[in-house]
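Trainee: This is the structure, below, for whatever I ask next.
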Amino acid sequence: MPDTKADHEVEVVEVTREEGRAMLDQAAREALNMSADEFLRKWDAGEYEDADDPAVTRVAMLIPFAR
Amino acid sequence: MGAFVEPLKDIVSCVARAKINLSHDGWGMVGKIHGLTVNRDQPITLRCRPALLLKVGMLYEIIRTEDKPERGPWRVSTRGYMYEMQTASGELVWSYHWHPTGKVRSPHAHLGSTQLRDDAVLSYKAHHPTGRISLESVVRTLIGEYGVSPMREDWAELLAAKEADFEVYRTWS
């Protein structure tokens with residue numbers, strides 16, 4: 001049975017840079033087997049400019065959380 | 001920001017009770033690409049059998065605009081998205097991507113390799129072109145095609161209304 005309208009509230013929360021970096025680190029380790037630092041270094045060096053691996057996209061979506 | 005996040009809250013509430021997370025300064029800093037995710041980038045367990053998971057990620061930018069003065073001087077522009085359905089064990093079923101970097105920069109879909117036979121021509125890495133995909137249409141597909149139980153009675157009307165707004169105010173399709 002669907003819930004009533006009163007139960008719907010979805011919160012919006014801003015995370016800290018530290019929390020965001022932890023999110024990126026976890027995603028990079030799970031998807032690409034590397035740390036956030038290593039991913040960002042490769043990203044900044046342009047190593048993923050022509051990447052076609054969806055796993056890179058998954059991780060790259062989290063870059064703003066760490067910067 | 002309210003015109004951006006309020007519809008997202010309603011859309012997410014159709015299938016989940018989870019927090020929407022913004023990257024730091026994501027409420028108001030101009031001139032920067034911000035990130036948005038749901039449930040701290042952890043998959044949301046959907047109410048269906050067999051169990052399915054949903055991941056949502058978006059990129060957005062707060063920009064100054066004079067296009068629609070009735071809506072104020074600021075607008076939130078989507079810069080990328082990732083909507084992903086997974087099995088209960090975390091294997092990709094399908095995902096819809098649009099991102100401003102990488103080899104394929106137009107909207108596209110991927111099919112999970114575990115959904116394909118070993119000798120399938122289709123590949124996980126193949127980018128299947130799509131139009132711009134809304135979160136509303138993804139949620140409607142989850143409910144309508146995959147048996148996810150909605151968490152609110154007015155989900156159909158709500159998604160239709162939010163999608164109508166999306167089609168009016170989006171700047172590309």
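All residue names refer to the structure tokens as shown: chains lettered A, B, ... in order, residues numbered from 1 in each chain, ligands numbered from 1 in order.
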I need the residues of chain A that end up classed as helix (DSSP H, G or I) by DSSP on the backbone, written out as a PyMOL selection string.
Mentor: chain A and resi 5-7+17-32+36-44+54-60+63-66
Trainee: Save the residues we just selected, C-alpha atoms, as a PDB file, in the first residue's frame?
Mentor:
ATOM      1  CA  LYS A   5       1.550  12.306   1.403  1.00  0.00           C
ATOM      2  CA  ALA A   6       2.719  13.157   4.913  1.00  0.00           C
ATOM      3  CA  ASP A   7       5.381  10.446   4.740  1.00  0.00           C
ATOM      4  CA  ARG A  17      34.545  18.205   1.167  1.00  0.00           C
ATOM      5  CA  GLU A  18      35.998  15.523   3.439  1.00  0.00           C
ATOM      6  CA  GLU A  19      32.834  13.449   3.254  1.00  0.00           C
ATOM      7  CA  GLY A  20      32.738  13.954  -0.489  1.00  0.00           C
ATOM      8  CA  ARG A  21      36.326  12.858  -0.888  1.00  0.00           C
ATOM      9  CA  ALA A  22      35.529   9.687   1.051  1.00  0.00           C
ATOM     10  CA  MET A  23      32.634   9.028  -1.334  1.00  0.00           C
ATOM     11  CA  LEU A  24      34.918   9.482  -4.336  1.00  0.00           C
ATOM     12  CA  ASP A  25      37.576   7.267  -2.782  1.00  0.00           C
ATOM     13  CA  GLN A  26      35.113   4.459  -2.166  1.00  0.00           C
ATOM     14  CA  ALA A  27      33.719   4.700  -5.700  1.00  0.00           C
ATOM     15  CA  ALA A  28      37.195   4.752  -7.279  1.00  0.00           C
ATOM     16  CA  ARG A  29      38.291   1.720  -5.292  1.00  0.00           C
ATOM     17  CA  GLU A  30      35.116  -0.228  -6.121  1.00  0.00           C
ATOM     18  CA  ALA A  31      34.902   0.671  -9.798  1.00  0.00           C
ATOM     19  CA  LEU A  32      38.539   1.132 -10.835  1.00  0.00           C
ATOM     20  CA  ALA A  36      40.648   8.939  -5.153  1.00  0.00           C
ATOM     21  CA  ASP A  37      44.079  10.584  -5.291  1.00  0.00           C
ATOM     22  CA  GLU A  38      45.228   8.315  -8.084  1.00  0.00           C
ATOM     23  CA  PHE A  39      41.987   8.779 -10.010  1.00  0.00           C
ATOM     24  CA  LEU A  40      42.145  12.566  -9.727  1.00  0.00           C
ATOM     25  CA  ARG A  41      45.794  12.593 -10.780  1.00  0.00           C
ATOM     26  CA  LYS A  42      44.978  10.585 -13.908  1.00  0.00           C
ATOM     27  CA  TRP A  43      41.884  12.686 -14.562  1.00  0.00           C
ATOM     28  CA  ASP A  44      43.830  15.925 -14.322  1.00  0.00           C
ATOM     29  CA  PRO A  54      31.258   3.432 -18.044  1.00  0.00           C
ATOM     30  CA  ALA A  55      33.074   2.784 -14.768  1.00  0.00           C
ATOM     31  CA  VAL A  56      35.088   5.959 -15.321  1.00  0.00           C
ATOM     32  CA  THR A  57      31.851   7.899 -15.718  1.00  0.00           C
ATOM     33  CA  ARG A  58      30.517   6.471 -12.464  1.00  0.00           C
ATOM     34  CA  VAL A  59      33.528   7.771 -10.593  1.00  0.00           C
ATOM     35  CA  ALA A  60      33.877  11.047 -12.471  1.00  0.00           C
ATOM     36  CA  ILE A  63      34.629  14.661  -8.677  1.00  0.00           C
ATOM     37  CA  PRO A  64      32.767  17.825  -7.558  1.00  0.00           C
ATOM     38  CA  PHE A  65      32.260  16.221  -4.161  1.00  0.00           C
ATOM     39  CA  ALA A  66      36.005  16.160  -3.588  1.00  0.00           C
TER      40      ALA A  66
END
Trainee: To test your reading of the structure, identify every residue in chain B that backbone DSSP assigns to strand (DSSP E), and report it as a ChimeraX atom specification.
Mentor: /B:20-22,33-38,44-45,52-64,74-87,92-98,108-111,128-129
Trainee: Please identify all residues of chain B having at least one atom at most 7 Å from any atom of chain A, considering only C-alpha atoms, and return them as a list of chain:residue names.
Mentor: B:Lys9, B:Ser13, B:Arg17, B:Ala18, B:Lys19, B:Ile20, B:Asn21, B:Leu22, B:Ser23, B:His24, B:Gly26, B:Ile33, B:His34, B:Gly35, B:Gly57, B:Met58, B:Leu59, B:Thr101, B:Gly102, B:Lys103, B:Lys125, B:Pro150, B:Met151, B:Arg152, B:Glu153
Trainee: So which residues touch Thr65 in chain B within 12 Å, counting only C-alpha atoms, skipping near sequence neighbours fewer than 2 positions away, as an mmCIF file with N, CA and C atoms, in the first residue's frame?
Mentor:
data_model
loop_
_atom_site.group_PDB
_atom_site.id
_atom_site.type_symbol
_atom_site.label_atom_id
_atom_site.label_comp_id
_atom_site.auth_asym_id
_atom_site.auth_seq_id
_atom_site.Cartn_x
_atom_site.Cartn_y
_atom_site.Cartn_z
ATOM 1 N N VAL B 30 28.199 29.991 -7.512
ATOM 2 C CA VAL B 30 28.093 30.180 -8.964
ATOM 3 C C VAL B 30 29.452 29.922 -9.606
ATOM 4 N N GLU B 61 25.054 23.182 -12.666
ATOM 5 C CA GLU B 61 25.723 24.473 -12.492
ATOM 6 C C GLU B 61 24.669 25.543 -12.271
ATOM 7 N N ILE B 62 24.939 26.440 -11.360
ATOM 8 C CA ILE B 62 24.050 27.575 -11.122
ATOM 9 C C ILE B 62 24.535 28.719 -12.006
ATOM 10 N N ILE B 63 23.665 29.179 -12.877
ATOM 11 C CA ILE B 63 24.081 30.211 -13.835
ATOM 12 C C ILE B 63 23.131 31.404 -13.775
ATOM 13 N N ASP B 67 16.943 34.922 -19.604
ATOM 14 C CA ASP B 67 15.997 34.324 -20.548
ATOM 15 C C ASP B 67 14.553 34.382 -20.061
ATOM 16 N N LYS B 68 14.361 34.079 -18.769
ATOM 17 C CA LYS B 68 13.004 34.011 -18.208
ATOM 18 C C LYS B 68 12.972 34.848 -16.932
ATOM 19 N N PRO B 69 12.847 36.179 -17.093
ATOM 20 C CA PRO B 69 12.920 37.067 -15.931
ATOM 21 C C PRO B 69 11.870 36.758 -14.874
ATOM 22 N N GLU B 70 10.765 36.160 -15.282
ATOM 23 C CA GLU B 70 9.718 35.825 -14.298
ATOM 24 C C GLU B 70 10.195 34.759 -13.320
ATOM 25 N N ARG B 71 11.247 34.033 -13.668
ATOM 26 C CA ARG B 71 11.781 32.983 -12.778
ATOM 27 C C ARG B 71 13.015 33.449 -12.012
ATOM 28 N N GLY B 72 13.338 34.734 -12.129
ATOM 29 C CA GLY B 72 14.475 35.258 -11.382
ATOM 30 C C GLY B 72 15.760 35.182 -12.185
ATOM 31 N N PRO B 73 16.836 35.756 -11.618
ATOM 32 C CA PRO B 73 18.081 35.880 -12.390
ATOM 33 C C PRO B 73 18.941 34.618 -12.391
ATOM 34 N N TRP B 74 18.574 33.627 -11.607
ATOM 35 C CA TRP B 74 19.424 32.440 -11.496
ATOM 36 C C TRP B 74 18.687 31.205 -11.999
ATOM 37 N N ARG B 75 19.442 30.329 -12.630
ATOM 38 C CA ARG B 75 18.870 29.080 -13.112
ATOM 39 C C ARG B 75 19.873 27.968 -12.839
ATOM 40 N N VAL B 76 19.354 26.784 -12.565
ATOM 41 C CA VAL B 76 20.220 25.617 -12.421
ATOM 42 C C VAL B 76 20.183 24.835 -13.722
ATOM 43 N N SER B 77 21.351 24.606 -14.279
ATOM 44 C CA SER B 77 21.449 23.900 -15.547
ATOM 45 C C SER B 77 22.105 22.542 -15.325
ATOM 46 N N THR B 171 16.697 23.372 -21.607
ATOM 47 C CA THR B 171 17.226 24.196 -22.687
ATOM 48 C C THR B 171 17.727 23.362 -23.864
#
Trainee: Give me the residues within 12 Å of Tyr146 in chain B as number ranges by chain, counting only C-alpha atoms and dropping any in the same chain fewer than 5 places off.
Mentor: B: 46-54, 85-87, 93, 138-141
Trainee: Separation of CA of Ser123 in chain B and CA of His110 in chain B, in Å?
Mentor: 8.0 Å
Trainee: State, in Å with one decimal place, the distance from CA of Lys55 in chain B to CA of Arg117 in chain B.
Mentor: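 If I compute the distance from CA of Lys55 in chain B to CA of Arg117 in chain B, I get 24.1 Å.
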Trainee: Taking only C-alpha atoms into account, which of B:Leu159, B:Val12, B:Ala120, B:Ile133 comes nearest Ser106 in chain B?
Mentor: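 Between B:Leu159, B:Val12, B:Ala120, B:Ile133, the residue approaching Ser106 in chain B most closely is B:Ile133.
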Trainee: Would you mind telling me which residue in B:Leu8, B:Glu66, B:Ser134, B:Leu122 lies nearest to Tyr81 in chain B when using only C-alpha atoms?
Mentor: B:Ser134
Trainee: Give me, please, the distance in Å between CA of Thr78 in chain B and CA of Val5 in chain B, quoted to one decimal.
Mentor: 11.5 Å
Trainee: If we count only C-alpha atoms and set the cut-off at 7 Å, which residues sit around Tyr96 in chain B, ignoring sequence neighbours fewer than 5 positions away in its own chain? Please answer as a tab-separated table (two decimals) with N, CA, C and O atoms, in the first residue's frame.
Mentor:
chain	number	residue	atom	x	y	z
B	82	MET	N	23.59	10.34	-14.44
B	82	MET	CA	23.82	8.89	-14.46
B	82	MET	C	22.69	8.26	-13.68
B	82	MET	O	22.55	8.48	-12.48
B	83	TYR	N	21.86	7.52	-14.36
B	83	TYR	CA	20.78	6.78	-13.70
B	83	TYR	C	21.05	5.30	-13.96
B	83	TYR	O	21.16	4.90	-15.11
B	84	GLU	N	21.13	4.53	-12.91
B	84	GLU	CA	21.61	3.16	-13.07
B	84	GLU	C	20.75	2.18	-12.28
B	84	GLU	O	20.50	2.40	-11.10
B	108	HIS	N	23.35	8.58	-23.78
B	108	HIS	CA	23.42	7.19	-24.25
B	108	HIS	C	23.06	6.23	-23.12
B	108	HIS	O	22.94	6.63	-21.96
B	109	ALA	N	22.91	4.97	-23.49
B	109	ALA	CA	22.59	3.92	-22.51
B	109	ALA	C	23.63	2.81	-22.61
B	109	ALA	O	24.22	2.58	-23.66
B	110	HIS	N	23.85	2.15	-21.47
B	110	HIS	CA	24.69	0.95	-21.42
B	110	HIS	C	23.85	-0.22	-20.90
B	110	HIS	O	22.96	-0.03	-20.07
